[in-house]
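Visitor: Structure below; questions to follow.
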Amino acid sequence: MSDISDLIDFDSLLTADEISLRDSVRSFVDSEIKPNIAGWYEKAVFPLEIVPQLAKLGLLGMHLKGYGCAGRSAVDYGLAGAELEAGDSGLRTFVSVQGSLAMSAIYKHGSEDQKLEWLPAMARGEAIGCFGLTEPTAGSDPSSMTTFARRDGGDWVLNGAKRWIGLASVAQVAVIWAQTDEGIRGFVVPTSTPGFTATPIEPKLSMRASIQCDIELTDVRLPESAVLPNVVGLKGPFSCLNEARYGIVWGAMGAARDAFEAALDYSKGRMQFEKPLAGYQLTQQKLVDMALEINKGFLLALHLGRKKDAGTLLPDHISVGKLNNCREAIKIAREARTILGGNGITLDHSPLRHANNLESVRTYEGTDEVHTLILGRKLTGLPAFR
Ligand code: TGC
């Protein structure tokens, strides 16, 4: 099942196992997601009923080893993310929040008891997790967070608010990052704990088949065992953001590819001035420009994936991929929409839905501006954030 957008024999860079995994996720998306996504998007629902299928495919925490996780490579994880996002960014976001953020936080920084309690259930899709870092007044600058955890005898008591937290209203467990007298720390919070509330943010013009929430934390009392014992400081949440940002490098190109395919298909069938749109030079220019960026975007993603598997991937490398691939994907989705003309503004076609979703994808896990300044710092040695 090679891609019609592939102009460079991309598959020759993949192993048979990688192609097989990609194709099984693609089949799932084609049969279970694409026929239904317009309806979910219109009704603004995330289809929780597909979670057991995602678990059965081994996609939840798929890059983690042990604890019931699939232990797949970074390239496998990326290929799966691209296929999921070809269905909808909300679907890849679910897998990312669950695996790259919530499960990774517990896996990297949690106690053995925390891992045993949560990771196998999360890999099976029986427990959903969320990751509370962003706040109403702390987005790009998480160091300014005001959520505070104070010690009270042997307990911790959390107060504050989080915003734009994926899955929070359907999650059983939240990893909440908070200021403490010792620095920023992470807490594993069962969402049934008194004082924890999560409210979906609605209405949205992007990521409609996905859930993002406000969280309120009012005197949330937790035992000492709730704190993630193995990290203090922002490197804790940033180490998880690295995982999620890496997945976006691939996912954004999956959305772009699907938008391109929709435009190519439409252009071959749509007759204007007595010939198909695809036969006009202006249309071919658009299609070729889109395909070039998709080919380059996937090559970049694969390069970063191979480096991740080799243990040589650095955060700056991920910023190159996140910035470039989100920027190009949104351009591609918008250009694809122009080929569909007026019909492209309906939910019958994917490009504008992808473009709208990609507004969120380019914003979360570090905006274009944040990744530009990370790379500006790398090139100049001068941080320009403040
Ligand atoms: P800085 O002083 O540079 O670093 C603070 C500490 O963190 C370490 N660090 C990293 N560690 C691992 N990976 C990375 N990528 C890291 N980046 C920084 C750093 O080494 C340092 O450690 P230490 O031991 O010296 O203390 O921090 P800064 O505040 O100056 O950083 C500036 C900036 C802008 C790069 C950073 O704040 C940033 O990346 N901002 C963007 C934040 C962001 O991406 N927010 C999105 C959150 S997504 C979310 O909440 C959920 S969205 C998904 C969903 O739920 O649906």
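Just so we're on the same page: first chain in the structure tokens is A, next is B, and so on; residues restart at 1 for each chain, and ligands are numbered from 1 in the order they show up.
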Can I get the residues of range 199-299 of chain A within 7 Å of range 336-352 of chain A, each with the closest pair of atoms and their distance in Å to one decimal, using only C-alpha atoms, sorted chain first then ascending number, as a Markdown table?
Guide:
| residue | atom | partner | partner_atom | distance |
| --- | --- | --- | --- | --- |
| A:Ala259 | CA | A:Pro351 | CA | 4.5 |
| A:Phe260 | CA | A:Ala336 | CA | 5.8 |
| A:Ala262 | CA | A:Ser350 | CA | 6.9 |
| A:Ala263 | CA | A:Ala336 | CA | 5.2 |
| A:Tyr266 | CA | A:Leu340 | CA | 6.7 |
| A:Ser267 | CA | A:Ile339 | CA | 6.8 |
Visitor: Give me the residues within 12 Å of Ala149 in chain A as an mmCIF file with C-alpha atoms, in the first residue's frame, counting only C-alpha atoms and dropping any in the same chain fewer than 2 places off.
Guide:
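Final output, out02.cif:
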data_model
loop_
_atom_site.group_PDB
_atom_site.id
_atom_site.type_symbol
_atom_site.label_atom_id
_atom_site.label_comp_id
_atom_site.auth_asym_id
_atom_site.auth_seq_id
_atom_site.Cartn_x
_atom_site.Cartn_y
_atom_site.Cartn_z
ATOM 1 C CA MET A 145 2.534 28.325 36.445
ATOM 2 C CA THR A 146 0.692 29.185 39.656
ATOM 3 C CA THR A 147 -0.830 25.807 40.540
ATOM 4 C CA ARG A 151 2.819 19.734 52.145
ATOM 5 C CA ASP A 152 0.299 19.160 54.946
ATOM 6 C CA ASP A 155 -0.085 14.685 52.485
ATOM 7 C CA TRP A 156 0.114 17.081 49.552
ATOM 8 C CA VAL A 157 -2.660 19.617 48.913
ATOM 9 C CA LEU A 158 -3.034 21.011 45.363
ATOM 10 C CA ASN A 159 -4.772 24.250 44.364
ATOM 11 C CA GLY A 160 -4.888 25.881 40.945
ATOM 12 C CA ALA A 161 -6.204 25.598 37.412
ATOM 13 C CA ILE A 176 -0.540 17.401 37.221
ATOM 14 C CA TRP A 177 2.557 19.627 37.310
ATOM 15 C CA ALA A 178 2.649 22.115 40.162
ATOM 16 C CA GLN A 179 4.961 24.548 41.900
ATOM 17 C CA THR A 180 6.154 23.362 45.307
ATOM 18 C CA ASP A 181 8.605 24.737 47.838
ATOM 19 C CA GLU A 182 11.117 22.327 46.244
ATOM 20 C CA GLY A 183 10.520 23.367 42.591
ATOM 21 C CA ILE A 184 8.073 22.111 39.959
ATOM 22 C CA ARG A 185 6.899 18.553 40.666
ATOM 23 C CA GLY A 186 4.509 16.100 39.033
ATOM 24 C CA PHE A 187 1.586 14.410 40.793
ATOM 25 C CA LEU A 217 -7.990 21.879 41.551
ATOM 26 C CA THR A 218 -9.520 22.919 44.853
ATOM 27 C CA ASP A 219 -7.828 21.525 47.970
ATOM 28 C CA VAL A 220 -7.047 18.258 46.183
ATOM 29 C CA ARG A 221 -5.512 16.139 48.945
ATOM 30 C CA LEU A 222 -3.076 13.432 47.911
ATOM 31 C CA PRO A 223 -0.850 11.001 49.796
ATOM 32 C CA GLU A 224 2.942 11.317 49.642
ATOM 33 C CA ALA A 226 1.203 10.534 44.576
ATOM 34 C CA VAL A 227 4.275 12.601 43.775
#
Visitor: Given a cut-off of 6 Å, what residues near ligand 1 show up using only C-alpha atoms and all ligand atoms, put as a list of chain:residue names?
Guide: A:Val97, A:Phe131, A:Gly132, A:Leu133, A:Thr134, A:Gly139, A:Ser140, A:Asp141, A:Pro142, A:Ser143, A:Ile165, A:Gly166, A:Gly233, A:Leu234, A:Lys235, A:Phe238, A:Ser239, A:Asn242, A:Pro315, A:Tyr364, A:Glu365, A:Gly366, A:Val370, A:Ile374
Visitor: Which neighbours of Leu60 in chain A fall inside 8 Å, counting only C-alpha atoms, when residues of the same chain fewer than 5 positions from it are skipped, and could you give them as a ChimeraX atom specification?
Guide: /A:54-55,69,95,98-99,122-125
Visitor: Please produce a file of those selected residues containing N, CA, C and O atoms, as a short mmCIF file (atom, residue, chain, number, x, y, z; two decimals), in the first residue's frame.
Guide:
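New file out19.cif:
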data_model
loop_
_atom_site.label_atom_id
_atom_site.label_comp_id
_atom_site.auth_asym_id
_atom_site.auth_seq_id
_atom_site.Cartn_x
_atom_site.Cartn_y
_atom_site.Cartn_z
N LEU A 54 -7.90 0.74 19.59
CA LEU A 54 -6.55 1.33 19.60
C LEU A 54 -5.64 0.50 20.50
O LEU A 54 -4.46 0.27 20.19
N ALA A 55 -6.20 0.04 21.64
CA ALA A 55 -5.42 -0.79 22.56
C ALA A 55 -5.07 -2.12 21.92
O ALA A 55 -3.94 -2.60 22.00
N CYS A 69 3.04 -2.77 27.61
CA CYS A 69 3.15 -1.90 26.42
C CYS A 69 3.85 -2.66 25.30
O CYS A 69 4.55 -3.63 25.54
N VAL A 95 -3.92 9.30 21.15
CA VAL A 95 -2.82 8.36 21.37
C VAL A 95 -1.60 9.08 21.96
O VAL A 95 -0.87 8.55 22.80
N GLN A 98 -2.34 10.09 25.71
CA GLN A 98 -2.30 8.87 26.52
C GLN A 98 -0.86 8.33 26.65
O GLN A 98 -0.38 8.09 27.75
N GLY A 99 -0.20 8.16 25.47
CA GLY A 99 1.08 7.45 25.48
C GLY A 99 2.28 8.35 25.68
O GLY A 99 3.13 8.08 26.54
N MET A 122 -3.56 1.44 31.38
CA MET A 122 -3.58 2.47 30.32
C MET A 122 -3.25 1.85 28.96
O MET A 122 -3.82 2.22 27.94
N ALA A 123 -2.33 0.89 28.94
CA ALA A 123 -2.00 0.21 27.67
C ALA A 123 -3.21 -0.57 27.16
O ALA A 123 -3.42 -0.68 25.95
N ARG A 124 -4.01 -1.11 28.08
CA ARG A 124 -5.21 -1.86 27.67
C ARG A 124 -6.37 -0.93 27.32
O ARG A 124 -7.44 -1.38 26.91
N GLY A 125 -6.20 0.37 27.54
CA GLY A 125 -7.27 1.33 27.27
C GLY A 125 -8.35 1.31 28.34
O GLY A 125 -9.40 1.92 28.17
#
Visitor: Determine, counting only C-alpha atoms, which protein, DNA and RNA residues have an atom within 8 Å of an atom of Glu18 in chain A; residues of the same chain fewer than 6 positions away are not included. Present the result as a PDB file with N, CA, C and O atoms, in the first residue's frame.
Guide:
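Contents of around-v7.pdb, as written:
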ATOM      1  N   VAL A  75      10.306   4.825  15.128  1.00  0.00           N
ATOM      2  CA  VAL A  75       9.826   4.899  13.743  1.00  0.00           C
ATOM      3  C   VAL A  75       8.437   4.259  13.638  1.00  0.00           C
ATOM      4  O   VAL A  75       7.527   4.795  12.993  1.00  0.00           O
ATOM      5  N   ASP A  76       8.237   3.121  14.308  1.00  0.00           N
ATOM      6  CA  ASP A  76       6.904   2.506  14.311  1.00  0.00           C
ATOM      7  C   ASP A  76       5.867   3.482  14.868  1.00  0.00           C
ATOM      8  O   ASP A  76       4.760   3.622  14.327  1.00  0.00           O
ATOM      9  N   LEU A  79       5.165   6.181  12.298  1.00  0.00           N
ATOM     10  CA  LEU A  79       4.355   5.696  11.163  1.00  0.00           C
ATOM     11  C   LEU A  79       2.893   5.543  11.583  1.00  0.00           C
ATOM     12  O   LEU A  79       1.975   5.921  10.838  1.00  0.00           O
TER      13      LEU A  79
END
Visitor: Write out as a count of residues only which residues come within 12 Å of Gln53 in chain A when counting only C-alpha atoms, dropping same-chain ones fewer than 4 positions away.
Guide: 19
Visitor: Based on DSSP run over this structure's backbone, return all residues of range 171-304 of chain A in alpha helix (DSSP H), as a count of residues only.
Guide: 59
Visitor: Calculated over only C-alpha atoms, which of the candidates A:Arg245, A:Lys296, A:Lys286, A:Lys108 has the smallest distance to Arg92 in chain A?
Guide: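 Closest to Arg92 in chain A of all the choices is A:Arg245.
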Visitor: Using 12 Å as the limit and counting only C-alpha atoms, can you tabulate each residue of range 219-260 of chain A that touches range 2-9 of chain A, with its shortest atom-to-atom distance in Å and the two atoms involved, as CSV?
Guide:
residue,atom,partner,partner_atom,distance
A:Met253,CA,A:Ser5,CA,11.2
A:Gly254,CA,A:Asp3,CA,10.9
A:Ala256,CA,A:Ser5,CA,10.2
A:Arg257,CA,A:Ser5,CA,7.1
A:Asp258,CA,A:Ser5,CA,9.5
A:Ala259,CA,A:Ser5,CA,10.7
A:Phe260,CA,A:Ser5,CA,7.6
